[in-house]
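**Q** Input coords.pdb, format and content: PDB, C-alpha atoms.
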```pdb
ATOM      1  CA  MET K   1      17.699  13.417  17.791
ATOM      2  CA  LEU K   2      15.209  14.292  15.064
ATOM      3  CA  ARG K   3      12.200  16.305  16.126
ATOM      4  CA  PHE K   4       8.740  15.351  14.854
ATOM      5  CA  VAL K   5       6.054  18.017  14.614
ATOM      6  CA  VAL K   6       2.477  17.182  13.676
ATOM      7  CA  VAL K   7       1.186  19.579  11.069
ATOM      8  CA  ALA K   8      -2.214  20.541  12.500
ATOM      9  CA  VAL K   9      -3.069  24.074  13.559
ATOM     10  CA  LEU K  10      -5.186  22.650  16.395
ATOM     11  CA  MET K  11      -2.158  21.315  18.229
ATOM     12  CA  ALA K  12       0.550  23.272  20.022
ATOM     13  CA  VAL K  13       3.961  22.675  18.465
ATOM     14  CA  GLY K  14       7.384  23.576  19.754
ATOM     15  CA  ALA K  15       9.227  26.500  18.234
ATOM     16  CA  VAL K  16      11.939  25.665  15.735
ATOM     17  CA  SER K  17      14.038  28.507  14.359
ATOM     18  CA  ALA K  18      13.595  29.175  10.650
ATOM     19  CA  LEU K  19      14.147  32.096   8.337
ATOM     20  CA  PRO K  20      10.894  33.679   7.140
ATOM     21  CA  ASN K  21       9.977  33.017   3.525
ATOM     22  CA  PRO K  22       7.197  35.555   2.860
ATOM     23  CA  ASP K  23       6.908  34.587  -0.791
ATOM     24  CA  GLY K  24       6.460  30.912   0.029
ATOM     25  CA  ARG K  25       3.329  28.794   0.008
ATOM     26  CA  ILE K  26       2.310  25.371   1.502
ATOM     27  CA  VAL K  27       5.698  25.745   2.032
ATOM     28  CA  GLY K  28       7.128  26.730  -1.369
ATOM     29  CA  GLY K  29       3.980  26.038  -3.389
ATOM     30  CA  VAL K  30       1.604  28.034  -5.546
ATOM     31  CA  ASP K  31      -2.055  29.089  -5.549
ATOM     32  CA  ALA K  32      -4.575  26.432  -6.548
ATOM     33  CA  GLU K  33      -7.034  27.119  -9.359
ATOM     34  CA  VAL K  34     -10.797  26.789  -8.985
ATOM     35  CA  GLY K  35     -11.754  23.143  -9.470
ATOM     36  CA  GLN K  36      -8.158  21.886  -9.366
ATOM     37  CA  PHE K  37      -8.655  19.930  -6.109
ATOM     38  CA  PRO K  38     -12.388  19.161  -5.864
ATOM     39  CA  HIS K  39     -11.694  16.433  -3.277
ATOM     40  CA  GLN K  40      -9.990  18.832  -0.838
ATOM     41  CA  VAL K  41     -11.840  20.028   2.255
ATOM     42  CA  SER K  42     -11.031  22.366   5.121
ATOM     43  CA  LEU K  43     -11.707  20.819   8.535
ATOM     44  CA  GLN K  44     -12.714  23.649  10.848
ATOM     45  CA  ARG K  45     -13.743  24.280  14.411
ATOM     46  CA  GLU K  46     -17.243  25.460  15.192
ATOM     47  CA  ASP K  47     -16.032  29.068  15.051
ATOM     48  CA  GLY K  48     -14.844  28.637  11.458
ATOM     49  CA  SER K  49     -11.114  28.548  12.185
ATOM     50  CA  HIS K  50      -9.195  26.167   9.924
ATOM     51  CA  THR K  51      -7.650  23.167  11.671
ATOM     52  CA  CYS K  52      -6.719  20.525   9.108
ATOM     53  CA  GLY K  53      -7.305  19.271   5.611
ATOM     54  CA  GLY K  54      -9.195  16.244   4.387
ATOM     55  CA  SER K  55     -10.214  14.347   1.261
ATOM     56  CA  ILE K  56     -13.681  13.417   0.024
ATOM     57  CA  ILE K  57     -13.808   9.670  -0.642
ATOM     58  CA  ASN K  58     -17.554   9.245  -1.101
ATOM     59  CA  LYS K  59     -20.794  11.183  -0.566
ATOM     60  CA  TRP K  60     -20.788  10.577   3.172
ATOM     61  CA  SER K  61     -17.136  10.189   4.123
ATOM     62  CA  ILE K  62     -14.039  12.358   4.409
ATOM     63  CA  LEU K  63     -10.590  11.005   5.213
ATOM     64  CA  THR K  64      -8.343  13.032   7.512
ATOM     65  CA  ALA K  65      -5.612  12.520  10.126
ATOM     66  CA  ALA K  66      -6.418  11.043  13.534
ATOM     67  CA  HIS K  67      -4.354  13.645  15.379
ATOM     68  CA  CYS K  68      -6.634  16.354  13.988
ATOM     69  CA  VAL K  69      -9.648  15.052  15.906
ATOM     70  CA  VAL K  70      -8.491  13.117  18.997
ATOM     71  CA  VAL K  71      -8.429  14.320  22.588
ATOM     72  CA  GLY K  72      -4.868  14.625  23.845
ATOM     73  CA  ASP K  73      -2.624  11.695  22.997
ATOM     74  CA  GLY K  74      -5.422   9.118  22.986
ATOM     75  CA  VAL K  75      -7.635   7.643  20.295
ATOM     76  CA  GLU K  76     -11.001   9.011  21.401
ATOM     77  CA  PRO K  77     -12.292  11.811  19.178
ATOM     78  CA  TYR K  78     -13.772  15.103  20.257
ATOM     79  CA  PRO K  79     -17.574  15.275  19.838
ATOM     80  CA  ALA K  80     -18.472  15.612  16.178
ATOM     81  CA  HIS K  81     -20.263  18.919  16.736
ATOM     82  CA  TYR K  82     -16.921  20.547  17.610
ATOM     83  CA  PHE K  83     -16.094  20.493  13.894
ATOM     84  CA  GLN K  84     -17.451  21.382  10.471
ATOM     85  CA  VAL K  85     -16.057  21.065   6.948
ATOM     86  CA  ARG K  86     -15.961  23.474   4.046
ATOM     87  CA  VAL K  87     -16.182  21.734   0.667
ATOM     88  CA  GLY K  88     -16.096  23.033  -2.888
ATOM     89  CA  SER K  89     -13.936  26.108  -2.326
ATOM     90  CA  ILE K  90     -10.256  26.968  -2.637
ATOM     91  CA  GLN K  91     -10.853  29.754  -0.097
ATOM     92  CA  ARG K  92     -10.900  28.516   3.483
ATOM     93  CA  MET K  93     -13.216  31.295   4.722
ATOM     94  CA  VAL K  94     -15.756  31.689   1.922
ATOM     95  CA  GLY K  95     -17.423  29.807  -0.928
ATOM     96  CA  GLY K  96     -18.535  26.235  -1.380
ATOM     97  CA  LYS K  97     -20.614  24.714   1.413
ATOM     98  CA  LEU K  98     -20.221  24.342   5.178
ATOM     99  CA  LEU K  99     -21.354  20.918   6.375
ATOM    100  CA  LYS K 100     -21.927  19.374   9.774
ATOM    101  CA  ILE K 101     -20.306  16.133  10.895
ATOM    102  CA  LYS K 102     -22.411  13.299  12.301
ATOM    103  CA  ARG K 103     -19.693  10.964  13.528
ATOM    104  CA  ILE K 104     -15.899  10.715  13.791
ATOM    105  CA  ILE K 105     -14.177   7.334  13.490
ATOM    106  CA  VAL K 106     -10.526   7.072  14.558
ATOM    107  CA  ASN K 107      -8.179   4.214  13.743
ATOM    108  CA  LYS K 108      -7.750   2.629  17.178
ATOM    109  CA  THR K 109      -4.173   1.604  16.358
ATOM    110  CA  TYR K 110      -3.166   5.268  15.973
ATOM    111  CA  GLY K 111      -0.196   6.301  18.093
ATOM    112  CA  ASN K 112       3.392   7.527  17.949
ATOM    113  CA  PHE K 113       2.809   9.157  14.531
ATOM    114  CA  LEU K 114       1.669   5.854  12.986
ATOM    115  CA  ASN K 115      -1.746   4.782  11.615
ATOM    116  CA  ASP K 116      -2.714   8.448  11.692
ATOM    117  CA  VAL K 117      -6.060   8.213   9.889
ATOM    118  CA  ALA K 118      -9.661   9.045  10.785
ATOM    119  CA  LEU K 119     -13.002   9.308   9.006
ATOM    120  CA  LEU K 120     -15.513  12.145   9.193
ATOM    121  CA  ILE K 121     -19.069  10.997   8.493
ATOM    122  CA  LEU K 122     -21.305  13.829   7.282
ATOM    123  CA  GLU K 123     -24.843  14.510   8.473
ATOM    124  CA  THR K 124     -26.055  14.872   4.887
ATOM    125  CA  PRO K 125     -24.600  13.401   1.673
ATOM    126  CA  LEU K 126     -22.641  15.491  -0.774
ATOM    127  CA  THR K 127     -23.953  16.413  -4.208
ATOM    128  CA  TRP K 128     -21.296  16.264  -6.920
ATOM    129  CA  THR K 129     -20.389  19.441  -8.802
ATOM    130  CA  ASP K 130     -17.348  20.606 -10.777
ATOM    131  CA  ASN K 131     -15.829  21.743  -7.475
ATOM    132  CA  ILE K 132     -16.998  18.874  -5.221
ATOM    133  CA  LYS K 133     -15.873  15.394  -6.236
ATOM    134  CA  PRO K 134     -14.504  12.270  -4.550
ATOM    135  CA  ILE K 135     -10.992  11.013  -5.157
ATOM    136  CA  GLU K 136     -10.125   7.383  -5.800
ATOM    137  CA  MET K 137      -7.887   5.718  -3.238
ATOM    138  CA  ALA K 138      -4.664   4.082  -4.411
ATOM    139  CA  ASP K 139      -4.125   0.327  -4.147
ATOM    140  CA  GLU K 140      -0.419   0.216  -4.888
ATOM    141  CA  GLU K 141       2.870   1.748  -3.837
ATOM    142  CA  VAL K 142       4.010   4.949  -5.511
ATOM    143  CA  PRO K 143       7.096   4.275  -7.671
ATOM    144  CA  THR K 144      10.241   5.603  -6.049
ATOM    145  CA  GLY K 145      11.147   9.102  -7.168
ATOM    146  CA  SER K 146       7.733   9.769  -8.687
ATOM    147  CA  ASP K 147       6.177  13.224  -8.436
ATOM    148  CA  VAL K 148       3.439  13.469  -5.809
ATOM    149  CA  ILE K 149       1.113  16.456  -5.400
ATOM    150  CA  ILE K 150       0.338  17.812  -1.928
ATOM    151  CA  SER K 151      -2.222  20.511  -1.135
ATOM    152  CA  GLY K 152      -3.544  22.411   1.853
ATOM    153  CA  TRP K 153      -4.046  25.629   3.778
ATOM    154  CA  GLY K 154      -1.006  25.068   5.994
ATOM    155  CA  ARG K 155       1.329  27.813   7.161
ATOM    156  CA  LEU K 156       3.453  29.472   4.487
ATOM    157  CA  TYR K 157       6.588  28.923   6.552
ATOM    158  CA  HIS K 158       7.391  27.684  10.057
ATOM    159  CA  GLY K 159       5.461  29.913  12.462
ATOM    160  CA  GLY K 160       4.099  31.933   9.541
ATOM    161  CA  PRO K 161       0.569  32.894   8.505
ATOM    162  CA  ILE K 162      -2.136  30.630   7.121
ATOM    163  CA  PRO K 163      -3.139  31.439   3.524
ATOM    164  CA  GLN K 164      -6.687  32.232   2.488
ATOM    165  CA  ARG K 165      -6.256  30.406  -0.830
ATOM    166  CA  LEU K 166      -5.477  26.705  -1.150
ATOM    167  CA  GLN K 167      -1.818  25.955  -1.946
ATOM    168  CA  TRP K 168      -0.140  23.028  -3.658
ATOM    169  CA  ASN K 169       3.360  21.736  -4.315
ATOM    170  CA  THR K 170       5.171  18.815  -5.942
ATOM    171  CA  VAL K 171       7.275  16.428  -3.845
ATOM    172  CA  LYS K 172       8.842  13.019  -4.496
ATOM    173  CA  ALA K 173       8.087   9.570  -3.091
ATOM    174  CA  LEU K 174      10.731   7.662  -1.152
ATOM    175  CA  THR K 175      10.980   3.965  -0.394
ATOM    176  CA  THR K 176      10.605   2.741   3.185
ATOM    177  CA  ASP K 177      14.353   2.136   3.344
ATOM    178  CA  GLN K 178      15.099   5.635   2.042
ATOM    179  CA  CYS K 179      12.760   7.089   4.643
ATOM    180  CA  ASN K 180      14.500   5.114   7.363
ATOM    181  CA  ASP K 181      17.895   6.348   6.160
ATOM    182  CA  ALA K 182      16.697   9.959   6.076
ATOM    183  CA  ILE K 183      14.779  10.252   9.344
ATOM    184  CA  GLY K 184      15.014   6.841  11.020
ATOM    185  CA  TRP K 185      11.303   6.275  10.530
ATOM    186  CA  GLY K 186      10.824   3.581   7.913
ATOM    187  CA  TYR K 187       7.426   1.906   8.287
ATOM    188  CA  ASP K 188       5.214   0.187   5.742
ATOM    189  CA  SER K 189       2.249   2.251   6.961
ATOM    190  CA  LEU K 190       3.998   5.513   6.027
ATOM    191  CA  ILE K 191       4.866   7.181   2.770
ATOM    192  CA  CYS K 192       7.762   9.617   3.029
ATOM    193  CA  LEU K 193       7.775  12.554   0.629
ATOM    194  CA  SER K 194      11.020  14.355  -0.055
ATOM    195  CA  HIS K 195      11.555  17.950  -1.119
ATOM    196  CA  PRO K 196      14.231  20.666  -1.119
ATOM    197  CA  ALA K 197      14.493  23.058   1.816
ATOM    198  CA  ASP K 198      11.802  25.775   1.928
ATOM    199  CA  ASN K 199       9.200  23.372   0.560
ATOM    200  CA  GLY K 200       6.774  20.772   1.954
ATOM    201  CA  ALA K 201       3.917  20.508   4.436
ATOM    202  CA  CYS K 202       3.362  22.741   7.466
ATOM    203  CA  ASN K 203       0.906  23.318  10.331
ATOM    204  CA  GLY K 204      -2.633  23.200   8.956
ATOM    205  CA  ASP K 205      -1.852  20.759   6.140
ATOM    206  CA  SER K 206      -2.447  17.746   8.426
ATOM    207  CA  GLY K 207      -5.070  15.349   7.166
ATOM    208  CA  GLY K 208      -4.795  16.747   3.667
ATOM    209  CA  PRO K 209      -4.118  14.765   0.513
ATOM    210  CA  ALA K 210      -1.057  13.567  -1.308
ATOM    211  CA  THR K 211      -1.942  12.354  -4.800
ATOM    212  CA  TYR K 212      -0.215  10.437  -7.576
ATOM    213  CA  ASN K 213      -1.727   9.991 -11.038
ATOM    214  CA  GLY K 214      -5.000  11.405  -9.744
ATOM    215  CA  LYS K 215      -5.328   8.914  -6.882
ATOM    216  CA  LEU K 216      -5.070   9.511  -3.146
ATOM    217  CA  VAL K 217      -1.830   7.999  -1.832
ATOM    218  CA  GLY K 218      -1.209   9.793   1.464
ATOM    219  CA  VAL K 219      -2.697  11.666   4.418
ATOM    220  CA  ALA K 220      -0.492  14.447   5.834
ATOM    221  CA  GLY K 221       0.863  13.603   9.271
ATOM    222  CA  PHE K 222       4.140  15.162  10.392
ATOM    223  CA  VAL K 223       7.223  17.148   9.484
ATOM    224  CA  VAL K 224      10.675  16.659  10.968
ATOM    225  CA  GLY K 225      12.624  19.493  12.533
ATOM    226  CA  GLY K 226      10.085  22.145  11.547
ATOM    227  CA  CYS K 227       8.362  23.174   8.344
ATOM    228  CA  GLY K 228      10.487  23.713   5.275
ATOM    229  CA  THR K 229      13.557  21.744   6.325
ATOM    230  CA  ALA K 230      15.210  19.410   3.829
ATOM    231  CA  ASN K 231      13.894  16.403   5.785
ATOM    232  CA  PRO K 232      11.108  14.370   4.128
ATOM    233  CA  ASP K 233       7.551  14.689   5.459
ATOM    234  CA  GLY K 234       5.539  11.763   6.813
ATOM    235  CA  TYR K 235       2.132  10.816   5.379
ATOM    236  CA  ALA K 236      -0.096   7.875   6.295
ATOM    237  CA  LYS K 237      -0.024   5.496   3.329
ATOM    238  CA  VAL K 238      -3.542   5.148   1.916
ATOM    239  CA  ALA K 239      -2.917   1.785   0.224
ATOM    240  CA  PHE K 240      -1.790   0.320   3.574
ATOM    241  CA  HIS K 241      -4.888   1.638   5.365
ATOM    242  CA  LYS K 242      -7.395   1.078   2.568
ATOM    243  CA  ASN K 243      -9.050  -1.994   4.087
ATOM    244  CA  TRP K 244      -9.646  -0.131   7.361
ATOM    245  CA  ILE K 245     -11.049   2.841   5.435
ATOM    246  CA  LEU K 246     -13.421   0.696   3.365
ATOM    247  CA  GLU K 247     -14.614  -1.190   6.448
ATOM    248  CA  ASN K 248     -15.370   1.982   8.418
ATOM    249  CA  MET K 249     -16.534   4.582   5.929
ATOM    250  CA  GLU K 250     -20.237   5.228   5.414
ATOM    251  CA  SER K 251     -21.567   3.287   2.419
ATOM    252  CA  GLU K 252     -23.124   5.109  -0.521
TER     253      GLU K 252
END
```
Can you turn what I pasted into structure tokens?
**A**
Amino acid sequence: MLRFVVVAVLMAVGAVSALPNPDGRIVGGVDAEVGQFPHQVSLQREDGSHTCGGSIINKWSILTAAHCVVVGDGVEPYPAHYFQVRVGSIQRMVGGKLLKIKRIIVNKTYGNFLNDVALLILETPLTWTDNIKPIEMADEEVPTGSDVIISGWGRLYHGGPIPQRLQWNTVKALTTDQCNDAIGWGYDSLICLSHPADNGACNGDSGGPATYNGKLVGVAGFVVGGCGTANPDGYAKVAFHKNWILENMESE
């Protein structure tokens, strides 16, 4: 039986044996450059500890994963004041701006690793700079086998440390049927992203972006069997959830 592990630092995950890869990143990625991912945010607890990633979609709204913000296995979010976001920095501890969250909106159909999306509504609107910009949401499917970029401050390997500097990697899009063949989890609401072993998403990358041709196509949700296995990773498909996002996000 395949084992699903959500990739948020906030949540306790079961131990899965894996060889350390001290030279790895996101897993297997590289350091981001300043301004390379101006849409990327770090979702943090009140004490400043990194929990998840997120993507700026307009001046008021950030898209993340539902499991990053809900209480237990339900769909009710923690109070907004439990969290803050750092924007405009590739360093999770310094730089950019720390902003307070006014409201958290969770997709009420979230459950069993599906429809894993939520919106963070900021107390004050963002001001655009070279390092703080929104990302356009995709309307269409990613062509099979296309290169997709993932980014985040997730662990460098299963059970490993969290990097200070934002990491990124290149993975490939699978069809729903290919995802079903690989992990038995083929759903239209998911985009599966394949990669070799010692690559892919890990704890702390949850809620973070997957992009194709400069558009947001996925929201990091889960890995299978532990970080860095050869199994594809599961991301909520932005095109599938776009109507819900547009209906619930704060207007400009």
**Q** Find the residues around Ser49 in chain K up to 12 Å (only C-alpha atoms counted), leave out those fewer than 5 positions away in its own chain, and share them as an mmCIF file with C-alpha atoms, keeping the file's coordinate frame.
**A**
```
data_model
loop_
_atom_site.group_PDB
_atom_site.id
_atom_site.type_symbol
_atom_site.label_atom_id
_atom_site.label_comp_id
_atom_site.auth_asym_id
_atom_site.auth_seq_id
_atom_site.Cartn_x
_atom_site.Cartn_y
_atom_site.Cartn_z
ATOM 1 C CA ALA K 8 -2.214 20.541 12.500
ATOM 2 C CA VAL K 9 -3.069 24.074 13.559
ATOM 3 C CA LEU K 10 -5.186 22.650 16.395
ATOM 4 C CA SER K 42 -11.031 22.366 5.121
ATOM 5 C CA LEU K 43 -11.707 20.819 8.535
ATOM 6 C CA GLN K 44 -12.714 23.649 10.848
ATOM 7 C CA TYR K 82 -16.921 20.547 17.610
ATOM 8 C CA PHE K 83 -16.094 20.493 13.894
ATOM 9 C CA GLN K 84 -17.451 21.382 10.471
ATOM 10 C CA VAL K 85 -16.057 21.065 6.948
ATOM 11 C CA ARG K 86 -15.961 23.474 4.046
ATOM 12 C CA ARG K 92 -10.900 28.516 3.483
ATOM 13 C CA MET K 93 -13.216 31.295 4.722
ATOM 14 C CA VAL K 94 -15.756 31.689 1.922
ATOM 15 C CA TRP K 153 -4.046 25.629 3.778
ATOM 16 C CA ILE K 162 -2.136 30.630 7.121
ATOM 17 C CA GLN K 164 -6.687 32.232 2.488
ATOM 18 C CA GLY K 204 -2.633 23.200 8.956
#
```
**Q** Between CA of Ser151 in chain K and CA of Gly74 in chain K, what is the distance in Å, rounded to a tenth?
**A**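 If I compute the distance from CA of Ser151 in chain K to CA of Gly74 in chain K, I get 26.9 Å.
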**Q** Given the PyMOL selection byres ((chain K and resi 188-202) around 7) and the file above, list the residues it selects as a VMD selection string.
**A** chain K and resid 7 26 to 28 115 154 to 155 158 171 to 174 176 179 186 to 187 203 to 205 218 223 227 to 237 240
**Q** Taking all atoms listed in the file into account, which of K:Thr124, K:Asn107, K:Asn243, K:Ser89 comes nearest Ala65 in chain K?
**A** K:Asn107
**Q** What does the distance from CA of Asp73 in chain K to CA of Gly221 in chain K come to in Å, to one decimal?
**A**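 According to the coordinates, CA of Asp73 in chain K and CA of Gly221 in chain K are separated by 14.3 Å.
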**Q** What separation in Å, quoted to one decimal, exists between CA of Gly207 in chain K and CA of Ser146 in chain K?
**A**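 Here the two named atoms are 21.1 Å from each other.
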**Q** Could you list the residues chosen by the PyMOL selection byres ((chain K and resi 249) around 9) in this structure as a tab-separated table (two decimals) with C-alpha atoms, keeping the file's coordinate frame?
**A**
```
chain	number	residue	atom	x	y	z
K	57	ILE	CA	-13.81	9.67	-0.64
K	58	ASN	CA	-17.55	9.24	-1.10
K	60	TRP	CA	-20.79	10.58	3.17
K	61	SER	CA	-17.14	10.19	4.12
K	62	ILE	CA	-14.04	12.36	4.41
K	63	LEU	CA	-10.59	11.00	5.21
K	105	ILE	CA	-14.18	7.33	13.49
K	119	LEU	CA	-13.00	9.31	9.01
K	120	LEU	CA	-15.51	12.14	9.19
K	121	ILE	CA	-19.07	11.00	8.49
K	244	TRP	CA	-9.65	-0.13	7.36
K	245	ILE	CA	-11.05	2.84	5.44
K	246	LEU	CA	-13.42	0.70	3.36
K	247	GLU	CA	-14.61	-1.19	6.45
K	248	ASN	CA	-15.37	1.98	8.42
K	250	GLU	CA	-20.24	5.23	5.41
K	251	SER	CA	-21.57	3.29	2.42
```
**Q** Just want the 8 Å neighbourhood of range 134-137 of chain K, counted on only C-alpha atoms, with same-chain residues fewer than 4 positions away dropped. Output as a list in words.
**A**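 Final neighbour list, sorted by chain and number: Pro38, His39, Ser55, Ile56, Ile57, Asn58, Lys59, Gly214, Lys215, Leu216, Val217, Val238, Ala239 and Lys242 of chain K.
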**Q** Write out, as a PDB file, in the frame of the given file, the residues just selected, with C-alpha atoms.
**A**
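Listing of again33.pdb after writing:
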```pdb
ATOM      1  CA  PRO K  38     -12.388  19.161  -5.864  1.00  0.00           C
ATOM      2  CA  HIS K  39     -11.694  16.433  -3.277  1.00  0.00           C
ATOM      3  CA  SER K  55     -10.214  14.347   1.261  1.00  0.00           C
ATOM      4  CA  ILE K  56     -13.681  13.417   0.024  1.00  0.00           C
ATOM      5  CA  ILE K  57     -13.808   9.670  -0.642  1.00  0.00           C
ATOM      6  CA  ASN K  58     -17.554   9.245  -1.101  1.00  0.00           C
ATOM      7  CA  LYS K  59     -20.794  11.183  -0.566  1.00  0.00           C
ATOM      8  CA  GLY K 214      -5.000  11.405  -9.744  1.00  0.00           C
ATOM      9  CA  LYS K 215      -5.328   8.914  -6.882  1.00  0.00           C
ATOM     10  CA  LEU K 216      -5.070   9.511  -3.146  1.00  0.00           C
ATOM     11  CA  VAL K 217      -1.830   7.999  -1.832  1.00  0.00           C
ATOM     12  CA  VAL K 238      -3.542   5.148   1.916  1.00  0.00           C
ATOM     13  CA  ALA K 239      -2.917   1.785   0.224  1.00  0.00           C
ATOM     14  CA  LYS K 242      -7.395   1.078   2.568  1.00  0.00           C
TER      15      LYS K 242
END
```
**Q** Around all the atoms of range 108-115 of chain K listed in the file, with 5 Å of room on each side, what axis-aligned box do you get, giving centre and edge lengths in Å to one decimal, as AutoDock Vina command-line options?
**A**
```
--center_x -2.2 --center_y 5.4 --center_z 14.9 --size_x 21.1 --size_y 17.6 --size_z 16.5
```
**Q** Using all atoms listed in the file, can you tell me which of K:Val148, K:Cys52, K:Ala182, K:Val117 comes closest to Trp168 in chain K?
**A**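 Closest to Trp168 in chain K of all the choices is K:Val148.
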**Q** Complete the atom set of range 181-192 of chain K to N, CA, C and O atoms and return it as a PDB file, in the frame of the given file.
**A**
```pdb
ATOM      1  N   ASP K 181      16.557   5.756   6.235  1.00  0.00           N
ATOM      2  CA  ASP K 181      17.895   6.348   6.160  1.00  0.00           C
ATOM      3  C   ASP K 181      17.852   7.855   6.431  1.00  0.00           C
ATOM      4  O   ASP K 181      18.759   8.410   7.061  1.00  0.00           O
ATOM      5  N   ALA K 182      16.788   8.495   5.970  1.00  0.00           N
ATOM      6  CA  ALA K 182      16.697   9.959   6.076  1.00  0.00           C
ATOM      7  C   ALA K 182      16.297  10.432   7.463  1.00  0.00           C
ATOM      8  O   ALA K 182      16.874  11.383   7.995  1.00  0.00           O
ATOM      9  N   ILE K 183      15.293   9.767   8.058  1.00  0.00           N
ATOM     10  CA  ILE K 183      14.779  10.252   9.344  1.00  0.00           C
ATOM     11  C   ILE K 183      14.641   9.150  10.392  1.00  0.00           C
ATOM     12  O   ILE K 183      14.106   9.387  11.473  1.00  0.00           O
ATOM     13  N   GLY K 184      15.108   7.940  10.070  1.00  0.00           N
ATOM     14  CA  GLY K 184      15.014   6.841  11.020  1.00  0.00           C
ATOM     15  C   GLY K 184      13.595   6.416  11.309  1.00  0.00           C
ATOM     16  O   GLY K 184      13.282   5.950  12.413  1.00  0.00           O
ATOM     17  N   TRP K 185      12.727   6.514  10.304  1.00  0.00           N
ATOM     18  CA  TRP K 185      11.303   6.275  10.530  1.00  0.00           C
ATOM     19  C   TRP K 185      10.721   5.526   9.336  1.00  0.00           C
ATOM     20  O   TRP K 185       9.772   5.975   8.708  1.00  0.00           O
ATOM     21  N   GLY K 186      11.278   4.358   9.048  1.00  0.00           N
ATOM     22  CA  GLY K 186      10.824   3.581   7.913  1.00  0.00           C
ATOM     23  C   GLY K 186       9.786   2.553   8.304  1.00  0.00           C
ATOM     24  O   GLY K 186      10.107   1.535   8.940  1.00  0.00           O
ATOM     25  N   TYR K 187       8.531   2.819   7.962  1.00  0.00           N
ATOM     26  CA  TYR K 187       7.426   1.906   8.287  1.00  0.00           C
ATOM     27  C   TYR K 187       6.566   1.705   7.051  1.00  0.00           C
ATOM     28  O   TYR K 187       6.338   2.634   6.272  1.00  0.00           O
ATOM     29  N   ASP K 188       6.054   0.488   6.904  1.00  0.00           N
ATOM     30  CA  ASP K 188       5.214   0.187   5.742  1.00  0.00           C
ATOM     31  C   ASP K 188       3.929   1.014   5.720  1.00  0.00           C
ATOM     32  O   ASP K 188       3.338   1.213   4.669  1.00  0.00           O
ATOM     33  N   SER K 189       3.491   1.480   6.882  1.00  0.00           N
ATOM     34  CA  SER K 189       2.249   2.251   6.961  1.00  0.00           C
ATOM     35  C   SER K 189       2.432   3.717   6.587  1.00  0.00           C
ATOM     36  O   SER K 189       1.461   4.470   6.524  1.00  0.00           O
ATOM     37  N   LEU K 190       3.686   4.125   6.360  1.00  0.00           N
ATOM     38  CA  LEU K 190       3.998   5.513   6.027  1.00  0.00           C
ATOM     39  C   LEU K 190       4.472   5.642   4.593  1.00  0.00           C
ATOM     40  O   LEU K 190       5.099   4.723   4.045  1.00  0.00           O
ATOM     41  N   ILE K 191       4.199   6.795   3.999  1.00  0.00           N
ATOM     42  CA  ILE K 191       4.866   7.181   2.770  1.00  0.00           C
ATOM     43  C   ILE K 191       5.630   8.461   3.061  1.00  0.00           C
ATOM     44  O   ILE K 191       5.056   9.426   3.579  1.00  0.00           O
ATOM     45  N   CYS K 192       6.925   8.439   2.813  1.00  0.00           N
ATOM     46  CA  CYS K 192       7.762   9.617   3.029  1.00  0.00           C
ATOM     47  C   CYS K 192       7.888  10.383   1.721  1.00  0.00           C
ATOM     48  O   CYS K 192       8.131   9.795   0.660  1.00  0.00           O
TER      49      CYS K 192
END
```
